[in-house]
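Chemist: Could you have a look at this structure, given as structure tokens, before my questions?
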Amino acid sequence: EGDAAGGVVDMVMKDAPSRFQIQANAAIGASDYFWKDGRDYLTSNRSDYTKKSPYEAFGKDYKAQMSDFKNGPVLLKSHSMPSPNFIGGLSIGTRFWGDRLGVMLAGSVQNVFRGTERTYNSVKMASGEQAM
């Protein structure tokens with residue numbers, strides 16, 4: 001027995017052109033989410049993170065210390081606007097052997113900054129007596 005969510009994926013394949021062809025596209029823009037006051041873009045140091053857990057690095061009997069964990073991902077920096085959004089693509093295609101074999105090579109890149117509403121909890125936690 002099993003459960004699953006049904007769905008359909010419509011994959012539209014590119015047709016190889018009848019002659020050699022190169023196509024490129026690029027777009028640049030900005031997210032209007034950050035144009036409102038109080039909606040700063042937050043970043044963290046993604047290169048400064050703990051690559052292996054203390055268990056993996058030192059074995060199961062090692063007692064982890066705070067110094068074993070890097071804090072780059074939790075040190076947030078605030079920016080008024082993120083870098084511009086960029087979307088780009090390139091495709092190259094042609095046909096061989098009397099149009100019997102068509103080949104397409106395509107790639108794309110996206111770097112899009114989207115905003116979201118989040119609630120960050122304070123460091124102080126209520127004890128059981130203070131909670132209602």
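Residues in the structure tokens are named by chain (A, B, ... in the order shown) and by number from 1 within that chain; ligands are numbered from 1 in the order shown.
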Determine which residues of segment 12-121 of chain A DSSP labels as helix (DSSP H, G or I) from the backbone of this structure, then write them out as a list in words.
Modeler: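 Selection result, helix (DSSP H, G or I) within segment 12-121 of chain A: Asp32, Tyr33, Phe34, Trp35, Pro54, Tyr55, Glu56, Ala57, Phe58, Met66, Ser67, Asp68, Gly72, Pro73 and Val74 of chain A.
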Chemist: Go ahead and write the residues just picked, all heavy atoms, as a compact mmCIF listing (two decimals), in the first residue's frame.
Modeler:
# COMPACT_ATOMS: atom_id res chain seq x y z
N ASP A 32 9.99 44.47 -6.60
CA ASP A 32 9.36 45.63 -5.95
C ASP A 32 9.03 45.36 -4.49
O ASP A 32 8.66 46.28 -3.76
CB ASP A 32 8.12 46.06 -6.72
CG ASP A 32 7.02 45.02 -6.72
OD1 ASP A 32 7.29 43.87 -6.32
OD2 ASP A 32 5.91 45.36 -7.13
N TYR A 33 9.16 44.14 -4.04
CA TYR A 33 8.90 43.81 -2.64
C TYR A 33 9.77 44.66 -1.71
O TYR A 33 9.34 45.08 -0.65
CB TYR A 33 9.17 42.32 -2.40
CG TYR A 33 9.00 41.89 -0.98
CD1 TYR A 33 7.74 41.54 -0.49
CD2 TYR A 33 10.06 41.84 -0.10
CE1 TYR A 33 7.57 41.15 0.82
CE2 TYR A 33 9.91 41.45 1.21
CZ TYR A 33 8.66 41.11 1.67
OH TYR A 33 8.50 40.73 2.97
N PHE A 34 11.01 44.93 -2.11
CA PHE A 34 11.96 45.63 -1.25
C PHE A 34 11.84 47.14 -1.35
O PHE A 34 12.59 47.86 -0.70
CB PHE A 34 13.39 45.20 -1.59
CG PHE A 34 13.62 43.73 -1.38
CD1 PHE A 34 13.66 42.86 -2.46
CD2 PHE A 34 13.75 43.20 -0.11
CE1 PHE A 34 13.86 41.51 -2.27
CE2 PHE A 34 13.95 41.85 0.09
CZ PHE A 34 14.00 41.01 -0.99
N TRP A 35 10.95 47.68 -2.16
CA TRP A 35 10.79 49.11 -2.32
C TRP A 35 10.06 49.74 -1.14
O TRP A 35 10.13 50.94 -0.95
CB TRP A 35 10.06 49.44 -3.62
CG TRP A 35 10.83 49.04 -4.84
CD1 TRP A 35 12.13 48.61 -4.89
CD2 TRP A 35 10.36 49.04 -6.18
NE1 TRP A 35 12.48 48.32 -6.19
CE2 TRP A 35 11.42 48.58 -7.00
CE3 TRP A 35 9.15 49.36 -6.77
CZ2 TRP A 35 11.29 48.46 -8.37
CZ3 TRP A 35 9.04 49.24 -8.14
CH2 TRP A 35 10.10 48.80 -8.93
N PRO A 54 30.23 17.51 14.48
CA PRO A 54 31.27 16.97 15.38
C PRO A 54 31.23 15.44 15.44
O PRO A 54 32.28 14.80 15.56
CB PRO A 54 30.93 17.60 16.73
CG PRO A 54 30.23 18.86 16.38
CD PRO A 54 29.46 18.56 15.13
N TYR A 55 30.07 14.85 15.33
CA TYR A 55 29.95 13.38 15.31
C TYR A 55 30.71 12.80 14.13
O TYR A 55 31.45 11.83 14.27
CB TYR A 55 28.47 13.01 15.26
CG TYR A 55 28.21 11.52 15.19
CD1 TYR A 55 28.12 10.76 16.35
CD2 TYR A 55 28.05 10.88 13.97
CE1 TYR A 55 27.89 9.40 16.29
CE2 TYR A 55 27.82 9.52 13.89
CZ TYR A 55 27.74 8.78 15.06
OH TYR A 55 27.51 7.43 15.00
N GLU A 56 30.54 13.42 12.94
CA GLU A 56 31.24 12.93 11.75
C GLU A 56 32.73 13.21 11.81
O GLU A 56 33.54 12.40 11.37
CB GLU A 56 30.67 13.60 10.49
CG GLU A 56 29.24 13.22 10.18
CD GLU A 56 28.67 14.06 9.05
OE1 GLU A 56 28.84 15.29 9.06
OE2 GLU A 56 28.07 13.44 8.15
N ALA A 57 33.10 14.37 12.35
CA ALA A 57 34.51 14.78 12.35
C ALA A 57 35.34 14.07 13.42
O ALA A 57 36.49 13.73 13.18
CB ALA A 57 34.60 16.29 12.52
N PHE A 58 34.75 13.85 14.60
CA PHE A 58 35.54 13.36 15.73
C PHE A 58 35.08 12.02 16.30
O PHE A 58 35.69 11.50 17.22
CB PHE A 58 35.55 14.40 16.86
CG PHE A 58 36.02 15.75 16.41
CD1 PHE A 58 35.14 16.81 16.36
CD2 PHE A 58 37.33 15.96 16.01
CE1 PHE A 58 35.56 18.06 15.95
CE2 PHE A 58 37.75 17.20 15.60
CZ PHE A 58 36.87 18.26 15.57
N MET A 66 30.79 24.53 21.71
CA MET A 66 30.27 25.63 20.90
C MET A 66 31.28 26.03 19.82
O MET A 66 30.90 26.41 18.72
CB MET A 66 29.94 26.84 21.78
CG MET A 66 28.68 26.68 22.58
SD MET A 66 27.21 26.45 21.56
CE MET A 66 27.09 28.02 20.78
N SER A 67 32.56 25.92 20.12
CA SER A 67 33.59 26.31 19.15
C SER A 67 33.65 25.37 17.94
O SER A 67 34.29 25.69 16.94
CB SER A 67 34.96 26.36 19.83
OG SER A 67 35.28 25.08 20.37
N ASP A 68 32.98 24.22 18.00
CA ASP A 68 32.94 23.28 16.88
C ASP A 68 32.01 23.77 15.77
O ASP A 68 32.03 23.22 14.67
CB ASP A 68 32.48 21.89 17.34
CG ASP A 68 33.47 21.24 18.28
OD1 ASP A 68 34.68 21.51 18.13
OD2 ASP A 68 33.04 20.45 19.14
N GLY A 72 28.72 31.70 10.67
CA GLY A 72 28.51 32.51 9.48
C GLY A 72 27.06 32.56 9.02
O GLY A 72 26.53 33.64 8.73
N PRO A 73 26.36 31.43 8.93
CA PRO A 73 24.99 31.46 8.43
C PRO A 73 24.00 32.20 9.32
O PRO A 73 22.95 32.59 8.86
CB PRO A 73 24.61 29.98 8.34
CG PRO A 73 25.91 29.27 8.21
CD PRO A 73 26.88 30.07 9.03
N VAL A 74 24.32 32.41 10.60
CA VAL A 74 23.37 33.09 11.48
C VAL A 74 23.70 34.56 11.69
O VAL A 74 22.93 35.27 12.34
CB VAL A 74 23.25 32.37 12.85
CG1 VAL A 74 22.72 30.97 12.67
CG2 VAL A 74 24.58 32.36 13.58
Chemist: Need to verify the contact set: Arg19 of chain A, 10 Å, only C-alpha atoms, exclusion of same-chain residues closer than 5 positions in sequence. Can you return it as a list in words?
Modeler: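 In the requested form, the answer reads Gly93, Thr94, Arg95, Phe96, Asp99 and Gly102 of chain A.
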Chemist: Kindly indicate which residue among A:Ser91, A:Phe113, A:Leu76, A:Thr119 lies nearest to Lys14 of chain A, using only C-alpha atoms for the distances.
Modeler: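 Among the listed residues, A:Ser91 lies closest to Lys14 of chain A.
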Chemist: Using only C-alpha atoms, can you tell me which of A:Arg39, A:Phe69, A:Met104, A:Ile22 comes closest to Lys52 of chain A?
Modeler: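 Between A:Arg39, A:Phe69, A:Met104, A:Ile22, the residue approaching Lys52 of chain A most closely is A:Phe69.
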Chemist: Which residues come within 10 Å of Gly29 of chain A, counting only C-alpha atoms, excluding same-chain residues fewer than 3 positions away, as a PyMOL selection string?
Modeler: chain A and resi 32+83-87+112-113
Chemist: Between A:Tyr62, A:Tyr49, A:Trp97, A:Tyr41, which one has atoms that come closest to Lys77 of chain A, using only C-alpha atoms?
Modeler: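 Nearest to Lys77 of chain A: A:Tyr41.
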Chemist: So which one's closest to Pro82 of chain A, A:Arg46, A:Glu117, A:Asn111, A:Ala24? Using only C-alpha atoms, please.
Modeler: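 Between A:Arg46, A:Glu117, A:Asn111, A:Ala24, the residue approaching Pro82 of chain A most closely is A:Asn111.
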Chemist: Pull the strand (DSSP E) assignments for chain A out of DSSP run on the backbone, and list those residues as a count of residues only.
Modeler: 38
Chemist: So, with only C-alpha atoms as the atoms that count, which of A:Ala30, A:Leu42, A:Val8, A:Met13 lies closest to Ser80 of chain A?
Modeler: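 That would be A:Leu42, the residue with the smallest distance to Ser80 of chain A.
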Chemist: Using only C-alpha atoms, which residue out of A:Ile28, A:Met81, A:Leu105, A:Leu90 lies closest to Asp40 of chain A?
Modeler: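 Ranked by minimum distance to Asp40 of chain A, first place goes to A:Met81.
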Chemist: Rounded to one decimal, what separation in Å do you get between atom CA of Ala26 of chain A and atom CA of Ala106 of chain A?
Modeler: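 The value is 13.7 Å.
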